[in-house]
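This is my_file-v1.txt (compact mmCIF, C-alpha atoms).
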# COMPACT_ATOMS: atom_id res chain seq x y z
CA MET A 274 16.51 1.18 -2.43
CA LEU A 275 18.14 2.75 0.64
CA LEU A 276 17.69 6.40 -0.38
CA PRO A 277 13.86 6.35 -0.72
CA VAL A 278 13.55 4.51 2.60
CA LEU A 279 15.77 7.03 4.36
CA GLY A 280 13.75 9.84 2.78
CA LEU A 281 10.48 8.39 4.07
CA ILE A 282 11.97 7.99 7.54
CA VAL A 283 13.10 11.64 7.57
CA VAL A 284 9.67 12.83 6.40
CA ALA A 285 7.94 10.70 9.05
CA LEU A 286 10.20 11.95 11.83
CA CYS A 287 9.63 15.56 10.79
CA GLY A 288 5.87 14.99 10.72
CA LEU A 289 5.90 13.39 14.18
CA PHE A 290 8.00 16.24 15.57
CA LEU A 291 5.65 18.88 14.17
CA PHE A 292 2.59 17.03 15.46
CA GLY A 293 4.14 16.71 18.91
CA LEU A 294 5.19 20.35 18.96
CA ALA A 295 1.72 21.58 17.95
CA THR A 296 0.06 19.31 20.52
CA ALA A 297 2.39 20.56 23.27
CA ARG A 298 1.66 24.20 22.40
CA VAL A 299 -2.10 24.20 21.89
CA GLY A 300 -3.35 20.79 23.08
CA PRO A 301 -4.75 17.71 21.31
CA LEU A 302 -8.31 19.05 20.96
CA ALA A 303 -7.09 22.27 19.31
CA VAL A 304 -4.86 20.28 16.95
CA THR A 305 -7.83 18.10 16.00
CA ILE A 306 -9.94 21.19 15.27
CA GLY A 307 -7.01 22.62 13.31
CA VAL A 308 -6.68 19.48 11.18
CA LEU A 309 -10.39 19.42 10.37
CA ALA A 310 -10.42 23.10 9.46
CA ALA A 311 -7.21 22.85 7.41
CA LEU A 312 -8.56 19.95 5.34
CA VAL A 313 -11.18 22.14 3.66
CA PRO A 314 -8.96 24.72 1.92
CA VAL A 315 -6.22 22.21 1.09
CA ALA A 316 -8.74 19.94 -0.63
CA GLY A 317 -9.77 22.76 -2.94
CA VAL A 318 -6.18 23.74 -3.69
CA VAL A 319 -5.12 20.15 -4.43
CA ALA A 320 -8.16 19.64 -6.66
CA GLY A 321 -7.19 22.74 -8.62
CA PHE A 322 -3.66 21.51 -9.26
CA LEU A 323 -4.94 18.06 -10.23
CA TRP A 324 -7.16 19.78 -12.81
CA VAL A 325 -4.11 21.60 -14.18
CA ASP A 326 -2.30 18.25 -14.38
CA ARG A 327 -5.00 16.43 -16.35
CA TRP A 328 -3.30 16.21 -19.75
CA GLU A 329 -0.03 14.76 -18.52
CA PRO A 330 -0.64 13.49 -14.99
CA GLU A 331 2.47 13.29 -12.85
CA PRO A 332 2.99 10.03 -10.93
CA ALA A 333 0.82 9.99 -7.82
CA LYS A 334 3.75 8.94 -5.64
CA PHE A 335 5.70 12.08 -6.61
CA LEU A 336 2.71 14.33 -5.99
CA LEU A 337 2.24 12.76 -2.56
CA LEU A 338 5.95 13.17 -1.89
CA ALA A 339 5.75 16.84 -2.92
CA PHE A 340 2.88 17.38 -0.49
CA ALA A 341 4.73 15.54 2.29
CA TRP A 342 7.88 17.56 1.57
CA GLY A 343 5.98 20.81 1.99
CA ALA A 344 4.04 19.60 5.02
CA CYS A 345 7.05 18.19 6.87
CA ILE A 346 10.52 18.98 5.49
CA ALA A 347 9.88 22.55 4.31
CA THR A 348 7.79 23.37 7.37
CA ILE A 349 10.30 22.19 9.94
CA THR A 350 13.15 23.90 8.07
CA ALA A 351 11.23 27.18 8.07
CA LEU A 352 10.27 26.74 11.72
CA LEU A 353 13.85 26.27 12.87
CA ILE A 354 15.29 29.14 10.85
CA ASN A 355 12.42 31.56 11.50
CA THR A 356 12.57 30.87 15.24
CA THR A 357 16.30 31.58 15.20
CA ALA A 358 15.77 34.77 13.21
CA GLU A 359 13.11 35.90 15.67
CA ALA A 360 15.43 35.31 18.62
CA VAL A 361 18.28 37.17 16.92
CA GLY A 362 15.95 40.06 16.04
CA ASP A 363 14.78 40.34 19.63
CA GLU A 364 18.36 40.32 20.84
CA LEU A 365 19.68 42.92 18.40
CA LEU A 366 16.68 45.20 17.88
CA GLY A 367 14.76 44.85 21.11
CA LYS A 368 11.95 42.69 22.42
CA GLY A 369 9.13 42.29 19.91
CA SER A 370 11.23 43.18 16.87
CA GLY A 371 12.12 39.57 16.14
CA ASN A 372 8.61 38.73 14.94
CA THR A 373 8.83 41.50 12.33
CA VAL A 374 12.26 40.35 11.19
CA ALA A 375 11.05 36.78 10.86
CA ALA A 376 7.86 37.75 9.00
CA LEU A 377 9.43 40.20 6.56
CA VAL A 378 12.91 38.74 5.98
CA SER A 379 13.54 35.15 7.01
CA ALA A 380 10.07 33.69 6.34
CA PRO A 381 9.84 34.78 2.67
CA ILE A 382 13.44 33.83 1.89
CA VAL A 383 13.53 30.50 3.71
CA GLU A 384 9.98 29.26 3.07
CA GLU A 385 10.08 29.90 -0.66
CA ALA A 386 13.48 28.24 -0.96
CA ALA A 387 12.35 25.22 1.07
CA LYS A 388 9.19 24.73 -1.00
CA ALA A 389 11.05 25.18 -4.31
CA LEU A 390 13.87 22.79 -3.45
CA PHE A 391 11.62 19.80 -4.10
CA VAL A 392 10.84 21.05 -7.61
CA VAL A 393 14.56 21.46 -8.28
CA LEU A 394 15.18 17.89 -7.08
CA ILE A 395 12.44 16.55 -9.35
CA LEU A 396 13.92 18.43 -12.31
CA TRP A 397 17.37 17.04 -11.48
CA ARG A 398 16.19 13.44 -11.11
CA ARG A 399 13.52 13.42 -13.88
CA SER A 400 14.76 16.01 -16.36
CA SER A 401 13.71 13.98 -19.40
CA GLU A 402 10.11 13.85 -18.11
CA PHE A 403 9.89 17.44 -16.86
CA ASP A 404 7.94 18.98 -19.72
CA GLY A 405 7.84 22.67 -18.82
CA VAL A 406 5.78 25.26 -17.00
CA VAL A 407 2.80 23.06 -16.11
CA ASP A 408 5.02 20.48 -14.40
CA GLY A 409 6.78 23.24 -12.46
CA VAL A 410 3.45 24.73 -11.41
CA VAL A 411 2.01 21.38 -10.29
CA TYR A 412 4.99 20.24 -8.22
CA ALA A 413 5.45 23.69 -6.66
CA GLY A 414 1.73 23.88 -5.96
CA PHE A 415 1.64 20.51 -4.19
CA SER A 416 4.68 21.40 -2.10
CA ALA A 417 3.09 24.71 -1.12
CA ALA A 418 -0.26 23.03 -0.40
CA GLY A 419 1.47 20.72 2.06
CA PHE A 420 3.24 23.65 3.69
CA ALA A 421 0.01 25.64 4.00
CA PHE A 422 -1.80 22.59 5.40
CA THR A 423 0.63 22.20 8.30
CA GLU A 424 0.78 25.94 8.91
CA ASN A 425 -3.01 26.21 8.95
CA ILE A 426 -3.31 23.38 11.48
CA TYR A 427 -1.23 25.41 13.91
CA TYR A 428 -2.93 28.74 13.20
CA PHE A 429 -6.44 27.30 13.44
CA GLY A 430 -5.51 25.29 16.52
CA ARG A 431 -3.99 28.32 18.25
CA ALA A 432 -7.08 30.41 17.43
CA PHE A 433 -9.31 27.72 18.95
CA ASN A 434 -7.05 27.35 21.99
CA ASP A 435 -7.06 31.13 22.64
CA TYR A 436 -10.61 32.12 21.72
CA GLY A 437 -12.60 28.97 20.97
CA PHE A 438 -14.89 29.24 17.97
CA GLY A 439 -15.20 32.99 18.52
CA ASP A 440 -18.09 35.36 19.03
CA GLY A 441 -18.92 38.97 18.35
CA HIS A 442 -16.15 40.16 20.69
CA SER A 443 -13.27 37.82 19.85
CA GLN A 444 -11.63 36.32 16.79
CA GLY A 445 -11.73 32.55 17.14
CA VAL A 446 -11.19 29.68 14.76
CA ILE A 447 -14.14 30.72 12.56
CA THR A 448 -12.56 34.11 11.85
CA ALA A 449 -9.16 32.50 11.25
CA PHE A 450 -10.77 30.01 8.88
CA PHE A 451 -12.51 32.78 6.95
CA LEU A 452 -9.26 34.76 6.56
CA ARG A 453 -6.93 31.87 5.73
CA GLY A 454 -9.28 29.23 4.34
CA VAL A 455 -11.82 31.32 2.40
CA LEU A 456 -10.23 34.66 1.49
CA ALA A 457 -6.66 33.53 0.93
CA PRO A 458 -6.14 29.75 0.64
CA PHE A 459 -4.09 30.45 -2.50
CA THR A 460 -1.32 32.59 -0.99
CA HIS A 461 1.37 29.97 -0.36
CA PRO A 462 0.59 28.14 -3.63
CA LEU A 463 0.69 31.46 -5.50
CA PHE A 464 4.13 32.35 -4.13
CA ALA A 465 5.51 28.90 -4.93
CA VAL A 466 3.94 28.80 -8.39
CA LEU A 467 5.98 31.86 -9.39
CA THR A 468 9.15 29.88 -8.68
CA GLY A 469 7.64 26.82 -10.37
CA ILE A 470 7.02 28.83 -13.54
CA GLY A 471 10.66 29.90 -13.56
CA ILE A 472 11.87 26.32 -13.08
CA GLY A 473 9.48 25.12 -15.79
CA ILE A 474 10.89 27.66 -18.24
CA ALA A 475 14.43 26.58 -17.34
CA ALA A 476 13.53 22.93 -17.93
CA ARG A 477 12.82 23.44 -21.63
CA THR A 478 14.91 26.43 -22.69
CA THR A 479 18.12 25.86 -24.64
CA THR A 480 19.63 29.15 -23.50
CA LYS A 481 22.13 28.64 -20.70
CA ALA A 482 21.52 32.07 -19.20
CA MET A 483 17.77 31.44 -19.00
CA LYS A 484 18.33 28.17 -17.17
CA VAL A 485 19.69 30.25 -14.30
CA LEU A 486 17.85 33.54 -14.68
CA ALA A 487 14.31 32.13 -15.04
CA PRO A 488 14.26 30.17 -11.73
CA LEU A 489 16.06 33.02 -9.97
CA ALA A 490 13.56 35.58 -11.24
CA GLY A 491 10.65 33.35 -10.21
CA TYR A 492 12.14 32.84 -6.75
CA LEU A 493 12.79 36.55 -6.20
CA ALA A 494 9.24 37.38 -7.31
CA ALA A 495 7.90 34.79 -4.85
CA VAL A 496 10.02 36.20 -2.01
CA CYS A 497 8.98 39.80 -2.70
CA LEU A 498 5.29 38.92 -2.95
CA HIS A 499 5.50 36.83 0.23
CA ALA A 500 7.17 39.71 2.10
CA LEU A 501 4.52 42.14 0.84
CA TRP A 502 1.73 39.82 1.99
CA ASN A 503 3.28 39.39 5.45
CA SER A 504 3.77 43.14 5.82
CA ALA A 505 0.12 43.73 4.91
CA ALA A 506 -0.94 41.12 7.48
CA LEU A 507 1.17 42.84 10.16
CA LEU A 508 -0.29 46.27 9.35
CA GLY A 509 -3.85 44.95 9.05
CA GLY A 510 -6.95 47.04 8.43
CA SER A 511 -7.27 48.98 5.20
CA LYS A 512 -3.67 48.28 4.16
CA PHE A 513 -4.32 44.54 4.26
CA LEU A 514 -7.48 44.91 2.16
CA THR A 515 -5.66 47.16 -0.31
CA VAL A 516 -2.88 44.62 -0.87
CA TYR A 517 -5.40 41.79 -1.08
CA PHE A 518 -7.78 43.35 -3.62
CA LEU A 519 -5.34 45.42 -5.68
CA ILE A 520 -2.32 43.10 -5.79
CA MET A 521 -2.88 39.55 -4.54
CA LEU A 522 -6.25 38.81 -6.11
CA PRO A 523 -5.43 40.27 -9.57
CA LEU A 524 -2.05 38.50 -9.57
CA PHE A 525 -3.71 35.23 -8.60
CA LEU A 526 -6.22 35.59 -11.44
CA GLY A 527 -3.38 36.44 -13.83
CA VAL A 528 -1.43 33.31 -12.85
CA VAL A 529 -4.59 31.20 -13.26
CA TYR A 530 -5.04 32.63 -16.76
CA LEU A 531 -1.40 31.86 -17.61
CA VAL A 532 -1.76 28.29 -16.37
CA VAL A 533 -4.95 27.81 -18.41
CA LEU A 534 -3.09 29.02 -21.50
CA GLN A 535 -0.28 26.55 -20.79
CA ARG A 536 -2.82 23.77 -20.36
CA ARG A 537 -4.34 24.59 -23.76
CA ARG A 538 -0.84 24.66 -25.21
CA GLU A 539 -0.35 21.09 -23.98
CA GLN A 540 -3.54 20.06 -25.77
CA ARG A 541 -2.31 21.65 -29.01
CA ILE A 542 1.05 19.86 -28.72
CA ILE A 543 -0.70 16.52 -28.35
CA ALA A 544 -3.22 17.19 -31.13
CA THR A 545 -0.38 18.15 -33.49
CA ALA A 546 1.64 15.03 -32.71
CA LEU A 547 -1.19 12.48 -33.00
CA PRO A 548 -1.35 12.33 -36.84
CA HIS A 549 2.42 11.75 -36.97
CA MET A 550 2.07 8.97 -34.40
CA ALA A 551 -0.74 7.38 -36.43
CA ALA A 552 1.40 7.59 -39.58
CA ALA A 553 4.22 5.83 -37.70
CA ARG A 554 1.69 3.15 -36.65
CA TRP A 555 2.23 3.82 -32.96
CA ILE A 556 -1.50 4.40 -32.58
CA ALA A 557 -4.51 3.53 -34.72
CA PRO A 558 -5.88 6.31 -36.99
CA SER A 559 -9.32 5.77 -35.42
CA GLU A 560 -7.87 6.72 -32.01
CA VAL A 561 -6.69 10.21 -33.02
CA ASP A 562 -9.97 11.96 -32.21
CA LEU A 563 -10.40 10.06 -28.96
CA LEU A 564 -6.90 10.97 -27.79
CA ALA A 565 -7.16 14.63 -28.83
CA SER A 566 -9.58 15.65 -26.07
CA LEU A 567 -10.01 14.94 -22.38
CA PRO A 568 -13.72 14.05 -22.75
CA GLY A 569 -12.80 11.58 -25.50
CA ARG A 570 -10.16 9.96 -23.31
CA ARG A 571 -12.49 9.82 -20.34
CA ALA A 572 -15.26 8.22 -22.42
CA TRP A 573 -12.80 5.63 -23.73
CA ARG A 574 -11.75 4.67 -20.17
CA ARG A 575 -15.36 4.46 -19.02
CA GLN A 576 -16.27 2.25 -21.96
CA ALA A 577 -13.30 -0.04 -21.25
CA LYS A 578 -14.32 -0.29 -17.60
CA ARG A 579 -17.95 -0.98 -18.45
CA GLN A 580 -17.17 -3.65 -21.05
CA SER A 581 -13.95 -5.23 -19.76
CA GLY A 582 -13.49 -4.22 -16.11
CA LYS A 583 -11.23 -1.97 -14.02
CA ARG A 584 -8.00 -3.59 -15.16
CA ALA A 585 -8.81 -2.80 -18.77
CA ALA A 586 -9.61 0.81 -17.86
CA ARG A 587 -6.24 1.08 -16.09
CA ALA A 588 -4.48 -0.36 -19.14
CA VAL A 589 -6.21 2.21 -21.36
CA ALA A 590 -5.15 4.97 -18.94
CA VAL A 591 -1.52 3.80 -19.15
CA TYR A 592 -1.81 3.71 -22.94
CA GLN A 593 -3.17 7.26 -23.02
CA ALA A 594 -0.45 8.52 -20.68
CA SER A 595 2.23 6.92 -22.87
CA VAL A 596 0.76 8.63 -25.93
CA THR A 597 0.93 11.98 -24.15
CA GLU A 598 4.56 11.47 -23.10
CA LEU A 599 5.48 10.47 -26.66
CA ALA A 600 3.71 13.56 -28.01
CA PHE A 601 5.76 15.85 -25.76
CA LEU A 602 8.93 14.00 -26.69
CA ASP A 603 8.02 14.27 -30.38
CA ARG A 604 8.00 18.07 -30.29
CA ARG A 605 11.76 18.27 -29.85
CA GLU A 606 14.62 16.67 -31.72
CA LEU A 607 15.90 13.50 -30.08
CA THR A 608 19.48 14.66 -29.91
CA THR A 609 20.57 12.76 -26.81
CA ASP A 610 20.81 9.08 -25.97
CA THR A 611 18.58 9.76 -22.95
CA ASP A 612 15.76 11.08 -25.16
CA ARG A 613 16.05 8.16 -27.56
CA GLN A 614 16.05 5.65 -24.71
CA ARG A 615 13.03 7.39 -23.21
CA GLN A 616 11.19 7.12 -26.53
CA GLN A 617 11.88 3.38 -26.75
CA GLU A 618 10.73 2.86 -23.15
CA LEU A 619 7.50 4.71 -23.85
CA LEU A 620 6.88 2.72 -27.01
CA ARG A 621 7.33 -0.53 -25.09
CA THR A 622 4.94 0.68 -22.39
CA LEU A 623 2.43 1.79 -25.03
CA LYS A 624 2.49 -1.56 -26.84
CA SER A 625 2.28 -3.50 -23.57
CA ALA A 626 -0.71 -1.46 -22.37
CA ARG A 627 -2.48 -1.88 -25.71
CA ALA A 628 -1.88 -5.64 -25.63
CA GLU A 629 -3.19 -5.85 -22.06
CA ALA A 630 -6.34 -3.86 -22.86
CA THR A 631 -6.97 -5.97 -25.98
CA ARG A 632 -6.48 -9.23 -24.09
CA LEU A 633 -8.89 -8.19 -21.33
CA ALA A 634 -11.45 -7.07 -23.91
CA ASP A 635 -11.20 -10.44 -25.68
CA GLU A 636 -11.60 -12.31 -22.37
CA ALA A 637 -14.67 -10.19 -21.51
CA ALA A 638 -16.18 -10.85 -24.94
CA ARG A 639 -15.65 -14.62 -24.61
CA GLY A 640 -16.97 -14.64 -21.04

Turn this file's structure into structure tokens for me.
Amino acid sequence: MLLPVLGLIVVALCGLFLFGLATARVGPLAVTIGVLAALVPVAGVVAGFLWVDRWEPEPAKFLLLAFAWGACIATITALLINTTAEAVGDELLGKGSGNTVAALVSAPIVEEAAKALFVVLILWRRSSEFDGVVDGVVYAGFSAAGFAFTENIYYFGRAFNDYGFGDGHSQGVITAFFLRGVLAPFTHPLFAVLTGIGIGIAARTTTKAMKVLAPLAGYLAAVCLHALWNSAALLGGSKFLTVYFLIMLPLFLGVVYLVVLQRRREQRIIATALPHMAAARWIAPSEVDLLASLPGRRAWRRQAKRQSGKRAARAVAVYQASVTELAFLDRRELTTDTDRQRQQELLRTLKSARAEATRLADEAARG
């Protein structure tokens, strides 16, 4: 019990420190404007990752923790190291050089490592439930969304503090919002997702070399792309637009396509496992079609809520989630005691959820 409490205390302290630092630098009004502006792009990014995570939803508490990690732990780590790198650069290379060193060297290396560390910790602590690329993408995406949220608060707040909302002669918070919140809200998530893909591959491969090479390759790709993006931002003008339209946007669309393919792969895995589960009498044969599609599952939950109440709908949701976990576990041989124990735990959860939903339905029918 002590470790989670200590973790929450550390996250809270980091958040308070960052809030105090931003307020001291740009003022409370600018921070408020920054928060309001930063909420818009982060809401879209989070919604996108929740859509990716529909088939096998990760626990909400871990997704919130991933966001908090990125917003607080990863941000303050990057701030401390990047500030040090900037000071060292100014000292060794001359005044003004430190910003370039921080943007092109320390920021990509440190920020991508800090965001990815949470995904590694999740894989370490929940390896039996880490089902591959989609899980890596979702956790990395939430960590990066938190990081971008905090970073945007400061950037938007500083723009407002320096230029207000902006006009035809100055670039204020509206211009900053258009550049960071409209054109490129996906940059930090995109960098982190590359590492997440590598970690997801490592989670399910049986090749020892790939367990190391896949995350390393993903991390190096994230660092290189991050450095390229920062260099384009420093150069500005046509070079920025060239990198954005010819590299960042196509790569983003390519990653989206890859994630969609992985999401469809999850559906196929579940659809393939359902007949076997019905034959084993884990589920009813009549439930196979309902469980094989997201609309079918959603309609089932809505019907349970309408007929038996919210508790019944929650029980059905737990039942459906247990079926999904069992389907992913069913695709590989249960060669370890951990896998076999996990299967028995899921079966107990499945039976308990079914019994709860049935009981509530009977009570509603009698009432």

Exercise. Glu539 (chain A): which residues within 9 Å, counting only C-alpha atoms, same-chain residues fewer than 5 positions away excluded, as an NGL selection string?
Worked result: :A and (328-329 or 407 or 534 or 544 or 601)

Could those selected residues go to a file with C-alpha atoms, as a CSV table (one decimal), in the frame of the given file?
chain,number,residue,atom,x,y,z
A,328,TRP,CA,-3.3,16.2,-19.8
A,329,GLU,CA,0.0,14.8,-18.5
A,407,VAL,CA,2.8,23.1,-16.1
A,534,LEU,CA,-3.1,29.0,-21.5
A,544,ALA,CA,-3.2,17.2,-31.1
A,601,PHE,CA,5.8,15.8,-25.8

Exercise. Using all atoms listed in the file, which of the listed residues (A:Ala600, A:Val411, A:Ile543, A:Ala449) sits closest to Asp435 (chain A)?
Worked result: A:Ala449

For this session: Considering all atoms listed in the file, return as number ranges by chain whatever protein or nucleic-acid residues lie within 10 Å of region 510-517 of chain A, sequence-local ones (same chain, fewer than 6 positions apart) excluded.
Result: A: 456-457, 501-504, 523-524

For this session: Find the spatial neighbours of region 467-472 of chain A, counting only C-alpha atoms, within a cut-off of 7 Å - ignore same-chain residues fewer than 3 positions away - and output them as an MDAnalysis selection string.
Result: chainID A and resid 389 406 409:410 413 463:464 475:476 487:488 490:492 494:495

For this session: Mind listing whatever residues come within 10 Å of the point (-0.4, 9.8, -33.9)? Use only C-alpha atoms, file coordinates, and give them as number ranges by chain.
Result: A: 543-562, 564-565, 596, 599-600

Exercise. Expressed in Å to a single decimal, how great is the separation between CA of Phe451 (chain A) and CA of Pro314 (chain A)?
Worked result: 10.1 Å

For this session: Identify which of the residues A:Ala590, A:Val283, A:Ala351, A:Val374 lies closest to Ala626 (chain A), counting only C-alpha atoms when measuring atom-to-atom distances.
Result: A:Ala590

For this session: Quick one: everything within 12 Å of Ala311 (chain A), counting all atoms listed in the file, minus sequence neighbours fewer than 5 positions away in the same chain. Send it as number ranges by chain.
Result: A: 303-306, 316-318, 344, 418-430, 446-447, 449-451, 453-455, 458

For this session: Can you work out the spacing between CA of Ala386 (chain A) and CA of Val315 (chain A) in Å, to one decimal?
Result: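 About the pair CA of Ala386 (chain A) and CA of Val315 (chain A): they are 20.7 Å apart.
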
Exercise. Taking into account only C-alpha atoms, which residue in the set A:Leu522, A:Val496, A:Ala465, A:Tyr412 is nearest to Lys334 (chain A)?
Worked result: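 Smallest distance to Lys334 (chain A) is found for A:Tyr412.
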
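Across the structure, CA of Ala630 (chain A) and CA of Ala572 (chain A) are spaced 15.0 Å apart.
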
Exercise. Of the candidates A:Gly582, A:Val361, A:Phe433, A:Phe322, which shows the shortest atom-to-atom distance to Pro301 (chain A), using only C-alpha atoms?
Worked result: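 So, comparing all the options, the nearest one is A:Phe433.
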
Edge lengths and centre, in Å to one decimal, as JSON: that's what I need for the box along x, y and z that holds all listed atoms of region 571-575 of chain A plus 6 Å on each side.
{"center_x": -13.6, "center_y": 7.1, "center_z": -21.4, "size_x": 15.6, "size_y": 17.4, "size_z": 16.7}

Seminar exercise, completed: Among A:Leu498, A:Ala297, A:Leu623, A:Leu563, Pro381 (chain A) is approached most closely, using only C-alpha atoms, by A:Leu498

Problem set entry | Selection near Thr448 (chain A), 9 Å with only C-alpha atoms, sequence-local residues under 3 positions removed, as JSON, numbers by chain | {"A": [432, 438, 439, 443, 444, 445, 451, 452, 453]}

Atoms to include: C-alpha atoms. Write the selected residues as an mmCIF file, in the coordinates of the input.
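Result file is part-v3.cif:
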data_model
loop_
_atom_site.group_PDB
_atom_site.id
_atom_site.type_symbol
_atom_site.label_atom_id
_atom_site.label_comp_id
_atom_site.auth_asym_id
_atom_site.auth_seq_id
_atom_site.Cartn_x
_atom_site.Cartn_y
_atom_site.Cartn_z
ATOM 1 C CA ALA A 432 -7.080 30.410 17.430
ATOM 2 C CA PHE A 438 -14.890 29.240 17.970
ATOM 3 C CA GLY A 439 -15.200 32.990 18.520
ATOM 4 C CA SER A 443 -13.270 37.820 19.850
ATOM 5 C CA GLN A 444 -11.630 36.320 16.790
ATOM 6 C CA GLY A 445 -11.730 32.550 17.140
ATOM 7 C CA PHE A 451 -12.510 32.780 6.950
ATOM 8 C CA LEU A 452 -9.260 34.760 6.560
ATOM 9 C CA ARG A 453 -6.930 31.870 5.730
#

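Using only C-alpha atoms, the nearest neighbour of Asn372 (chain A) within the list A:Leu507, A:Leu281, A:Ile346, A:Ala295 is A:Leu507.
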
Could you rebuild region 614-630 of chain A with N, CA and C atoms and give me the result as an mmCIF file, in the coordinates of the input?
data_model
loop_
_atom_site.group_PDB
_atom_site.id
_atom_site.type_symbol
_atom_site.label_atom_id
_atom_site.label_comp_id
_atom_site.auth_asym_id
_atom_site.auth_seq_id
_atom_site.Cartn_x
_atom_site.Cartn_y
_atom_site.Cartn_z
ATOM 1 N N GLN A 614 16.381 6.749 -25.607
ATOM 2 C CA GLN A 614 16.050 5.650 -24.710
ATOM 3 C C GLN A 614 14.659 5.846 -24.109
ATOM 4 N N ARG A 615 14.352 7.094 -23.762
ATOM 5 C CA ARG A 615 13.030 7.390 -23.210
ATOM 6 C C ARG A 615 11.937 7.082 -24.227
ATOM 7 N N GLN A 616 12.178 7.414 -25.487
ATOM 8 C CA GLN A 616 11.190 7.120 -26.530
ATOM 9 C C GLN A 616 10.966 5.614 -26.645
ATOM 10 N N GLN A 617 12.025 4.826 -26.636
ATOM 11 C CA GLN A 617 11.880 3.380 -26.750
ATOM 12 C C GLN A 617 11.157 2.792 -25.543
ATOM 13 N N GLU A 618 11.434 3.324 -24.354
ATOM 14 C CA GLU A 618 10.730 2.860 -23.150
ATOM 15 C C GLU A 618 9.240 3.150 -23.245
ATOM 16 N N LEU A 619 8.904 4.334 -23.718
ATOM 17 C CA LEU A 619 7.500 4.710 -23.850
ATOM 18 C C LEU A 619 6.788 3.857 -24.896
ATOM 19 N N LEU A 620 7.479 3.572 -25.976
ATOM 20 C CA LEU A 620 6.880 2.720 -27.010
ATOM 21 C C LEU A 620 6.623 1.312 -26.476
ATOM 22 N N ARG A 621 7.539 0.793 -25.679
ATOM 23 C CA ARG A 621 7.330 -0.530 -25.090
ATOM 24 C C ARG A 621 6.141 -0.512 -24.126
ATOM 25 N N THR A 622 6.060 0.553 -23.316
ATOM 26 C CA THR A 622 4.940 0.680 -22.390
ATOM 27 C C THR A 622 3.624 0.805 -23.136
ATOM 28 N N LEU A 623 3.639 1.590 -24.226
ATOM 29 C CA LEU A 623 2.430 1.790 -25.030
ATOM 30 C C LEU A 623 1.955 0.462 -25.620
ATOM 31 N N LYS A 624 2.866 -0.291 -26.212
ATOM 32 C CA LYS A 624 2.490 -1.560 -26.840
ATOM 33 C C LYS A 624 2.011 -2.576 -25.795
ATOM 34 N N SER A 625 2.677 -2.581 -24.632
ATOM 35 C CA SER A 625 2.280 -3.500 -23.570
ATOM 36 C C SER A 625 0.888 -3.161 -23.044
ATOM 37 N N ALA A 626 0.608 -1.874 -22.860
ATOM 38 C CA ALA A 626 -0.710 -1.460 -22.370
ATOM 39 C C ALA A 626 -1.804 -1.791 -23.385
ATOM 40 N N ARG A 627 -1.500 -1.551 -24.669
ATOM 41 C CA ARG A 627 -2.480 -1.880 -25.710
ATOM 42 C C ARG A 627 -2.770 -3.393 -25.724
ATOM 43 N N ALA A 628 -1.709 -4.182 -25.620
ATOM 44 C CA ALA A 628 -1.880 -5.640 -25.630
ATOM 45 C C ALA A 628 -2.706 -6.091 -24.424
ATOM 46 N N GLU A 629 -2.451 -5.491 -23.258
ATOM 47 C CA GLU A 629 -3.190 -5.850 -22.060
ATOM 48 C C GLU A 629 -4.663 -5.483 -22.191
ATOM 49 N N ALA A 630 -4.947 -4.284 -22.680
ATOM 50 C CA ALA A 630 -6.340 -3.860 -22.860
ATOM 51 C C ALA A 630 -7.055 -4.743 -23.868
#
